[in-house]
$ cat start_38.cif   # mmCIF, C-alpha atoms
data_my_file
#
loop_
_atom_site.group_PDB
_atom_site.id
_atom_site.type_symbol
_atom_site.label_atom_id
_atom_site.label_comp_id
_atom_site.auth_asym_id
_atom_site.auth_seq_id
_atom_site.Cartn_x
_atom_site.Cartn_y
_atom_site.Cartn_z
ATOM 1 C CA MET H 14 121.785 120.074 266.344
ATOM 2 C CA SER H 15 118.517 120.142 268.257
ATOM 3 C CA PHE H 16 115.730 117.584 268.260
ATOM 4 C CA THR H 17 111.957 117.619 268.628
ATOM 5 C CA PRO H 18 109.548 115.153 270.262
ATOM 6 C CA GLY H 19 108.890 112.138 268.060
ATOM 7 C CA GLU H 20 112.277 112.369 266.360
ATOM 8 C CA ARG H 21 114.398 109.199 266.201
ATOM 9 C CA VAL H 22 117.820 109.690 267.751
ATOM 10 C CA HIS H 23 120.960 107.596 268.063
ATOM 11 C CA VAL H 24 123.058 107.703 271.232
ATOM 12 C CA SER H 25 126.714 108.210 270.405
ATOM 13 C CA SER H 26 129.041 105.336 271.228
ATOM 14 C CA ARG H 27 132.178 107.491 271.068
ATOM 15 C CA ALA H 28 134.860 106.880 273.637
ATOM 16 C CA HIS H 29 134.790 109.348 276.513
ATOM 17 C CA ASN H 30 137.293 109.357 279.321
ATOM 18 C CA GLY H 31 135.996 111.081 282.393
ATOM 19 C CA HIS H 32 132.736 111.832 284.072
ATOM 20 C CA HIS H 33 129.603 111.765 281.962
ATOM 21 C CA ARG H 34 125.986 110.872 282.568
ATOM 22 C CA THR H 35 125.248 108.719 279.517
ATOM 23 C CA PRO H 36 124.725 105.107 280.628
ATOM 24 C CA GLY H 37 126.837 102.531 278.810
ATOM 25 C CA TYR H 38 123.818 100.391 277.978
ATOM 26 C CA LEU H 39 122.320 103.218 275.888
ATOM 27 C CA LYS H 40 125.420 103.951 273.818
ATOM 28 C CA GLY H 41 124.935 102.949 270.211
ATOM 29 C CA LYS H 42 121.173 102.482 270.707
ATOM 30 C CA THR H 43 118.342 104.246 268.920
ATOM 31 C CA GLY H 44 115.320 105.771 270.642
ATOM 32 C CA THR H 45 112.648 108.426 270.262
ATOM 33 C CA VAL H 46 112.658 111.918 271.772
ATOM 34 C CA GLU H 47 109.750 112.055 274.189
ATOM 35 C CA ARG H 48 110.310 115.468 275.770
ATOM 36 C CA VAL H 49 112.672 118.413 275.492
ATOM 37 C CA HIS H 50 113.846 119.453 278.932
ATOM 38 C CA ASP H 51 115.551 122.727 279.817
ATOM 39 C CA ARG H 52 119.245 123.417 279.408
ATOM 40 C CA PHE H 53 121.478 122.458 282.318
ATOM 41 C CA LEU H 54 125.070 123.181 283.275
ATOM 42 C CA ASN H 55 127.313 120.549 281.738
ATOM 43 C CA PRO H 56 128.220 117.901 284.354
ATOM 44 C CA GLU H 57 131.161 116.745 282.240
ATOM 45 C CA THR H 58 133.091 119.939 282.915
ATOM 46 C CA ARG H 59 131.467 120.824 286.228
ATOM 47 C CA ALA H 60 132.809 117.543 287.600
ATOM 48 C CA TYR H 61 136.325 118.996 287.257
ATOM 49 C CA GLY H 62 135.684 122.316 288.965
ATOM 50 C CA GLU H 63 134.614 124.346 285.935
ATOM 51 C CA ASP H 64 131.344 126.277 285.858
ATOM 52 C CA GLY H 65 129.615 123.965 283.368
ATOM 53 C CA THR H 66 128.824 126.640 280.791
ATOM 54 C CA PRO H 67 127.558 126.663 278.144
ATOM 55 C CA ALA H 68 124.458 124.903 279.451
ATOM 56 C CA GLN H 69 123.426 121.867 277.419
ATOM 57 C CA ARG H 70 119.922 120.837 276.341
ATOM 58 C CA LEU H 71 118.660 117.679 278.012
ATOM 59 C CA TYR H 72 116.132 115.326 276.399
ATOM 60 C CA LEU H 73 113.910 112.559 277.672
ATOM 61 C CA VAL H 74 114.513 109.708 275.230
ATOM 62 C CA GLY H 75 112.398 106.541 275.118
ATOM 63 C CA PHE H 76 113.785 103.147 274.116
ATOM 64 C CA GLU H 77 112.131 99.796 273.402
ATOM 65 C CA LEU H 78 113.488 97.339 275.967
ATOM 66 C CA GLY H 79 113.834 94.775 273.192
ATOM 67 C CA ASP H 80 116.208 97.175 271.424
ATOM 68 C CA LEU H 81 118.366 97.520 274.567
ATOM 69 C CA TRP H 82 118.471 93.877 275.637
ATOM 70 C CA PRO H 83 118.478 91.317 272.829
ATOM 71 C CA THR H 84 117.387 88.576 275.244
ATOM 72 C CA TYR H 85 114.507 90.598 276.735
ATOM 73 C CA ARG H 86 111.500 88.342 277.353
ATOM 74 C CA GLY H 87 109.011 90.904 278.701
ATOM 75 C CA GLY H 88 106.120 92.599 276.963
ATOM 76 C CA ALA H 89 106.620 93.870 273.425
ATOM 77 C CA GLY H 90 105.593 97.417 274.342
ATOM 78 C CA ASP H 91 107.877 97.715 277.381
ATOM 79 C CA ARG H 92 109.936 100.901 277.274
ATOM 80 C CA LEU H 93 112.653 102.674 279.202
ATOM 81 C CA ALA H 94 112.969 106.471 279.340
ATOM 82 C CA ALA H 95 116.252 108.183 280.139
ATOM 83 C CA ASP H 96 117.580 111.746 280.235
ATOM 84 C CA VAL H 97 120.333 112.234 277.651
ATOM 85 C CA PHE H 98 122.232 115.435 276.897
ATOM 86 C CA GLU H 99 122.065 116.847 273.374
ATOM 87 C CA HIS H 100 125.772 116.431 272.688
ATOM 88 C CA TRP H 101 125.371 112.660 273.086
ATOM 89 C CA LEU H 102 122.616 112.449 270.470
ATOM 90 C CA GLU H 103 122.800 112.175 266.681
ATOM 91 C CA PRO H 104 120.003 111.939 264.106
ATOM 92 C CA ALA H 105 119.090 108.280 263.692
ATOM 93 C CA PRO H 106 120.467 106.941 260.405
ATOM 94 C CA MET M 22 133.829 99.679 275.527
ATOM 95 C CA GLU M 23 135.031 99.516 279.108
ATOM 96 C CA ARG M 24 132.500 100.670 281.659
ATOM 97 C CA ALA M 25 133.292 102.014 285.126
ATOM 98 C CA ALA M 26 132.062 100.305 288.292
ATOM 99 C CA HIS M 27 129.027 102.582 288.670
ATOM 100 C CA ASP M 28 127.802 102.160 285.083
ATOM 101 C CA ARG M 29 126.160 98.780 285.554
ATOM 102 C CA GLY M 30 122.774 98.808 283.878
ATOM 103 C CA GLY M 31 122.474 95.438 282.177
ATOM 104 C CA TRP M 32 125.329 93.711 283.959
ATOM 105 C CA PRO M 33 124.410 90.041 284.260
ATOM 106 C CA THR M 34 123.707 88.846 287.794
ATOM 107 C CA ASP M 35 121.820 86.075 289.512
ATOM 108 C CA ALA M 36 121.691 87.976 292.800
ATOM 109 C CA PRO M 37 118.209 88.892 294.022
ATOM 110 C CA ILE M 38 117.355 92.583 294.350
ATOM 111 C CA ASP M 39 117.553 93.678 297.990
ATOM 112 C CA ARG M 40 114.310 95.552 298.584
ATOM 113 C CA ALA M 41 114.686 95.707 302.369
ATOM 114 C CA GLU M 42 114.152 99.101 304.000
ATOM 115 C CA HIS M 43 116.799 100.119 306.500
ATOM 116 C CA GLU M 44 117.247 102.849 309.072
ATOM 117 C CA LEU M 45 120.046 105.303 308.387
ATOM 118 C CA ALA M 46 122.780 105.462 311.002
ATOM 119 C CA ASP M 47 123.619 108.811 312.577
ATOM 120 C CA TRP M 48 126.887 109.059 310.638
ATOM 121 C CA GLU M 49 124.977 108.557 307.376
ATOM 122 C CA LEU M 50 122.622 111.437 308.172
ATOM 123 C CA LEU M 51 125.653 113.521 309.079
ATOM 124 C CA MET M 52 127.376 112.598 305.797
ATOM 125 C CA ASP M 53 124.279 113.734 303.908
ATOM 126 C CA ALA M 54 124.292 117.039 305.796
ATOM 127 C CA ILE M 55 128.024 117.591 305.209
ATOM 128 C CA VAL M 56 127.723 117.042 301.457
ATOM 129 C CA GLY M 57 124.689 119.363 301.396
ATOM 130 C CA SER M 58 126.668 122.048 303.229
ATOM 131 C CA LEU M 59 129.668 121.635 300.924
ATOM 132 C CA GLY M 60 127.347 122.095 297.941
ATOM 133 C CA ARG M 61 125.599 125.189 299.304
ATOM 134 C CA SER M 62 128.895 126.805 300.296
ATOM 135 C CA GLY M 63 130.330 126.196 296.826
ATOM 136 C CA ALA M 64 133.125 123.971 298.121
ATOM 137 C CA MET M 65 132.049 120.899 296.123
ATOM 138 C CA ASN M 66 129.281 120.250 293.608
ATOM 139 C CA VAL M 67 127.317 117.070 292.929
ATOM 140 C CA ASP M 68 129.130 116.402 289.656
ATOM 141 C CA GLU M 69 132.456 116.434 291.481
ATOM 142 C CA LEU M 70 130.967 114.086 294.080
ATOM 143 C CA ARG M 71 129.826 111.691 291.355
ATOM 144 C CA ARG M 72 133.137 111.896 289.500
ATOM 145 C CA ALA M 73 135.026 110.979 292.661
ATOM 146 C CA ILE M 74 132.664 108.072 293.395
ATOM 147 C CA GLU M 75 133.168 106.776 289.864
ATOM 148 C CA SER M 76 136.942 106.936 290.325
ATOM 149 C CA MET M 77 136.822 104.327 293.120
ATOM 150 C CA GLU M 78 138.569 101.037 292.465
ATOM 151 C CA PRO M 79 135.864 98.564 291.361
ATOM 152 C CA ALA M 80 136.444 96.270 294.356
ATOM 153 C CA ALA M 81 136.279 99.194 296.790
ATOM 154 C CA TYR M 82 133.179 100.535 295.033
ATOM 155 C CA ASP M 83 131.421 97.182 295.373
ATOM 156 C CA ALA M 84 132.391 96.803 299.024
ATOM 157 C CA ALA M 85 131.291 100.317 300.014
ATOM 158 C CA SER M 86 127.802 101.332 301.070
ATOM 159 C CA TYR M 87 126.053 104.363 299.559
ATOM 160 C CA TYR M 88 127.236 106.850 302.166
ATOM 161 C CA GLU M 89 130.683 105.260 302.439
ATOM 162 C CA ARG M 90 131.038 106.222 298.769
ATOM 163 C CA TRP M 91 129.980 109.769 299.632
ATOM 164 C CA LEU M 92 132.599 109.885 302.395
ATOM 165 C CA PHE M 93 135.298 108.629 300.044
ATOM 166 C CA ALA M 94 134.259 111.177 297.424
ATOM 167 C CA ALA M 95 134.071 114.153 299.789
ATOM 168 C CA GLU M 96 137.515 113.361 301.185
ATOM 169 C CA THR M 97 138.904 112.889 297.655
ATOM 170 C CA ILE M 98 137.549 116.195 296.335
ATOM 171 C CA LEU M 99 138.437 118.228 299.436
ATOM 172 C CA ALA M 100 141.987 116.830 299.373
ATOM 173 C CA GLU M 101 142.204 117.608 295.649
ATOM 174 C CA LYS M 102 141.224 121.222 296.347
ATOM 175 C CA GLY M 103 143.598 121.567 299.284
ATOM 176 C CA VAL M 104 140.769 122.022 301.800
ATOM 177 C CA LEU M 105 142.030 118.893 303.529
ATOM 178 C CA SER M 106 145.723 118.092 303.665
ATOM 179 C CA PRO M 107 146.855 114.507 302.952
ATOM 180 C CA GLY M 108 146.120 112.261 305.919
ATOM 181 C CA GLU M 109 144.363 115.047 307.852
ATOM 182 C CA LEU M 110 141.161 113.077 308.470
ATOM 183 C CA ASP M 111 143.098 109.996 309.577
ATOM 184 C CA ARG M 112 145.150 112.071 312.013
ATOM 185 C CA ARG M 113 142.047 113.686 313.490
ATOM 186 C CA MET M 114 140.285 110.337 313.827
ATOM 187 C CA ALA M 115 143.309 108.867 315.611
ATOM 188 C CA ARG M 116 143.031 111.416 318.428
#
$ encode --input "start_38.cif" --output "structure tokens"
Amino acid sequence: MSFTPGERVHVSSRAHNGHHRTPGYLKGKTGTVERVHDRFLNPETRAYGEDGTPAQRLYLVGFELGDLWPTYRGGAGDRLAADVFEHWLEPAP
Amino acid sequence: MERAAHDRGGWPTDAPIDRAEHELADWELLMDAIVGSLGRSGAMNVDELRRAIESMEPAAYDAASYYERWLFAAETILAEKGVLSPGELDRRMAR
């Protein structure tokens, strides 16, 4: 499953034991793909001495701060952008 | 979902953000160079470094400075790979 800029995506909230780069505060949240980065070696396997192949696509995903923090009191248009690997993303329902 | 000590975006706190600049100590520069050398030689990659940092006990993680975490992680990974034997660093430092 690959995504294109402007597409709404949901960050998986599946349990994952072990090293991964998806911040807990983004899990289960919905954002918008802002940019498609290159593919990179997978840190989740590389962290245990493997070579990290196959490389995984990385995306820049933007989130409304109000969607991340229910008590957010800042500006309505305030956003956060984070790099998220493709295998952590699902099409937004 | 349980989050590890490093995964703290959004944790509630009343503590002010420390924005003070500070000079790095010699040992911190050396730690940076050692981890860089280990990476370039293929002995340890950055994902292994991060995984070892994340494996620290939460109290130890909180008490440690940035480069103290790097030291812990480098020792952990090198011991795991048999580059260092158990207790080797402690024995050398005791000399």
$ residues_around --input "start_38.cif" --residues "range 59-73 of chain H" --least-positions-apart "2" --cutoff "10 Å" --atoms "all atoms listed in the file" --output "ChimeraX atom specification"
/H:15-18,31-33,44-57,75,94-102 /M:64-73,98,102
$ resolve_selection --input "start_38.cif" --expression "the PyMOL selection byres ((chain M and resi 75-90) around 8)" --output "CSV table (one decimal) with C-alpha atoms, keeping the file's coordinate frame"
chain,number,residue,atom,x,y,z
H,32,HIS,CA,132.7,111.8,284.1
M,25,ALA,CA,133.3,102.0,285.1
M,26,ALA,CA,132.1,100.3,288.3
M,27,HIS,CA,129.0,102.6,288.7
M,49,GLU,CA,125.0,108.6,307.4
M,52,MET,CA,127.4,112.6,305.8
M,53,ASP,CA,124.3,113.7,303.9
M,71,ARG,CA,129.8,111.7,291.4
M,72,ARG,CA,133.1,111.9,289.5
M,73,ALA,CA,135.0,111.0,292.7
M,74,ILE,CA,132.7,108.1,293.4
M,91,TRP,CA,130.0,109.8,299.6
M,92,LEU,CA,132.6,109.9,302.4
M,93,PHE,CA,135.3,108.6,300.0
M,94,ALA,CA,134.3,111.2,297.4
$ atom_distance --input "start_38.cif" --atom1 "CA of Arg113 in chain M" --atom2 "CA of Ser62 in chain M"
22.8 Å
$ atom_distance --input "start_38.cif" --atom1 "CA of Arg112 in chain M" --atom2 "CA of Ala54 in chain M"
22.3 Å
$ axis_aligned_box --input "start_38.cif" --around "range 92-95 of chain H" --padding-each-side "6 Å" --output "AutoDock Vina command-line options"
--center_x 113.1 --center_y 104.5 --center_z 278.7 --size_x 18.3 --size_y 19.3 --size_z 14.9
$ build_atoms --input "start_38.cif" --residues "range 88-109 of chain M" --atoms "N, CA and C atoms" --output "PDB file, in the frame of the given file"
ATOM      1  N   TYR M  88     126.627 105.690 301.512  1.00  0.00           N
ATOM      2  CA  TYR M  88     127.236 106.850 302.166  1.00  0.00           C
ATOM      3  C   TYR M  88     128.735 106.670 302.406  1.00  0.00           C
ATOM      4  N   GLU M  89     129.227 105.448 302.410  1.00  0.00           N
ATOM      5  CA  GLU M  89     130.683 105.260 302.439  1.00  0.00           C
ATOM      6  C   GLU M  89     131.294 105.799 301.137  1.00  0.00           C
ATOM      7  N   ARG M  90     130.562 105.653 300.042  1.00  0.00           N
ATOM      8  CA  ARG M  90     131.038 106.222 298.769  1.00  0.00           C
ATOM      9  C   ARG M  90     131.029 107.746 298.839  1.00  0.00           C
ATOM     10  N   TRP M  91     130.021 108.311 299.474  1.00  0.00           N
ATOM     11  CA  TRP M  91     129.980 109.769 299.632  1.00  0.00           C
ATOM     12  C   TRP M  91     131.176 110.247 300.471  1.00  0.00           C
ATOM     13  N   LEU M  92     131.474 109.509 301.528  1.00  0.00           N
ATOM     14  CA  LEU M  92     132.599 109.885 302.395  1.00  0.00           C
ATOM     15  C   LEU M  92     133.908 109.837 301.608  1.00  0.00           C
ATOM     16  N   PHE M  93     134.094 108.748 300.873  1.00  0.00           N
ATOM     17  CA  PHE M  93     135.298 108.629 300.044  1.00  0.00           C
ATOM     18  C   PHE M  93     135.387 109.804 299.080  1.00  0.00           C
ATOM     19  N   ALA M  94     134.259 110.128 298.444  1.00  0.00           N
ATOM     20  CA  ALA M  94     134.259 111.177 297.424  1.00  0.00           C
ATOM     21  C   ALA M  94     134.515 112.556 298.029  1.00  0.00           C
ATOM     22  N   ALA M  95     133.879 112.843 299.157  1.00  0.00           N
ATOM     23  CA  ALA M  95     134.071 114.153 299.789  1.00  0.00           C
ATOM     24  C   ALA M  95     135.534 114.321 300.191  1.00  0.00           C
ATOM     25  N   GLU M  96     136.115 113.278 300.767  1.00  0.00           N
ATOM     26  CA  GLU M  96     137.515 113.361 301.185  1.00  0.00           C
ATOM     27  C   GLU M  96     138.416 113.536 299.951  1.00  0.00           C
ATOM     28  N   THR M  97     138.104 112.797 298.879  1.00  0.00           N
ATOM     29  CA  THR M  97     138.904 112.889 297.655  1.00  0.00           C
ATOM     30  C   THR M  97     138.882 114.308 297.086  1.00  0.00           C
ATOM     31  N   ILE M  98     137.684 114.874 296.954  1.00  0.00           N
ATOM     32  CA  ILE M  98     137.549 116.195 296.335  1.00  0.00           C
ATOM     33  C   ILE M  98     138.159 117.278 297.227  1.00  0.00           C
ATOM     34  N   LEU M  99     137.910 117.193 298.537  1.00  0.00           N
ATOM     35  CA  LEU M  99     138.437 118.228 299.436  1.00  0.00           C
ATOM     36  C   LEU M  99     139.960 118.160 299.509  1.00  0.00           C
ATOM     37  N   ALA M 100     140.523 116.952 299.400  1.00  0.00           N
ATOM     38  CA  ALA M 100     141.987 116.830 299.373  1.00  0.00           C
ATOM     39  C   ALA M 100     142.528 117.397 298.058  1.00  0.00           C
ATOM     40  N   GLU M 101     141.813 117.103 296.974  1.00  0.00           N
ATOM     41  CA  GLU M 101     142.204 117.608 295.649  1.00  0.00           C
ATOM     42  C   GLU M 101     142.269 119.138 295.652  1.00  0.00           C
ATOM     43  N   LYS M 102     141.324 119.760 296.342  1.00  0.00           N
ATOM     44  CA  LYS M 102     141.224 121.222 296.347  1.00  0.00           C
ATOM     45  C   LYS M 102     142.073 121.864 297.437  1.00  0.00           C
ATOM     46  N   GLY M 103     142.745 121.016 298.230  1.00  0.00           N
ATOM     47  CA  GLY M 103     143.598 121.567 299.284  1.00  0.00           C
ATOM     48  C   GLY M 103     142.850 122.010 300.524  1.00  0.00           C
ATOM     49  N   VAL M 104     141.533 121.706 300.589  1.00  0.00           N
ATOM     50  CA  VAL M 104     140.769 122.022 301.800  1.00  0.00           C
ATOM     51  C   VAL M 104     141.225 121.110 302.934  1.00  0.00           C
ATOM     52  N   LEU M 105     141.449 119.841 302.578  1.00  0.00           N
ATOM     53  CA  LEU M 105     142.030 118.893 303.529  1.00  0.00           C
ATOM     54  C   LEU M 105     143.454 118.602 303.082  1.00  0.00           C
ATOM     55  N   SER M 106     144.368 118.497 304.042  1.00  0.00           N
ATOM     56  CA  SER M 106     145.723 118.092 303.665  1.00  0.00           C
ATOM     57  C   SER M 106     145.792 116.568 303.695  1.00  0.00           C
ATOM     58  N   PRO M 107     146.769 115.974 302.991  1.00  0.00           N
ATOM     59  CA  PRO M 107     146.855 114.507 302.952  1.00  0.00           C
ATOM     60  C   PRO M 107     146.936 113.917 304.362  1.00  0.00           C
ATOM     61  N   GLY M 108     146.082 112.936 304.622  1.00  0.00           N
ATOM     62  CA  GLY M 108     146.120 112.261 305.919  1.00  0.00           C
ATOM     63  C   GLY M 108     145.461 113.024 307.052  1.00  0.00           C
ATOM     64  N   GLU M 109     144.908 114.209 306.774  1.00  0.00           N
ATOM     65  CA  GLU M 109     144.363 115.047 307.852  1.00  0.00           C
ATOM     66  C   GLU M 109     143.212 114.360 308.590  1.00  0.00           C
TER      67      GLU M 109
END
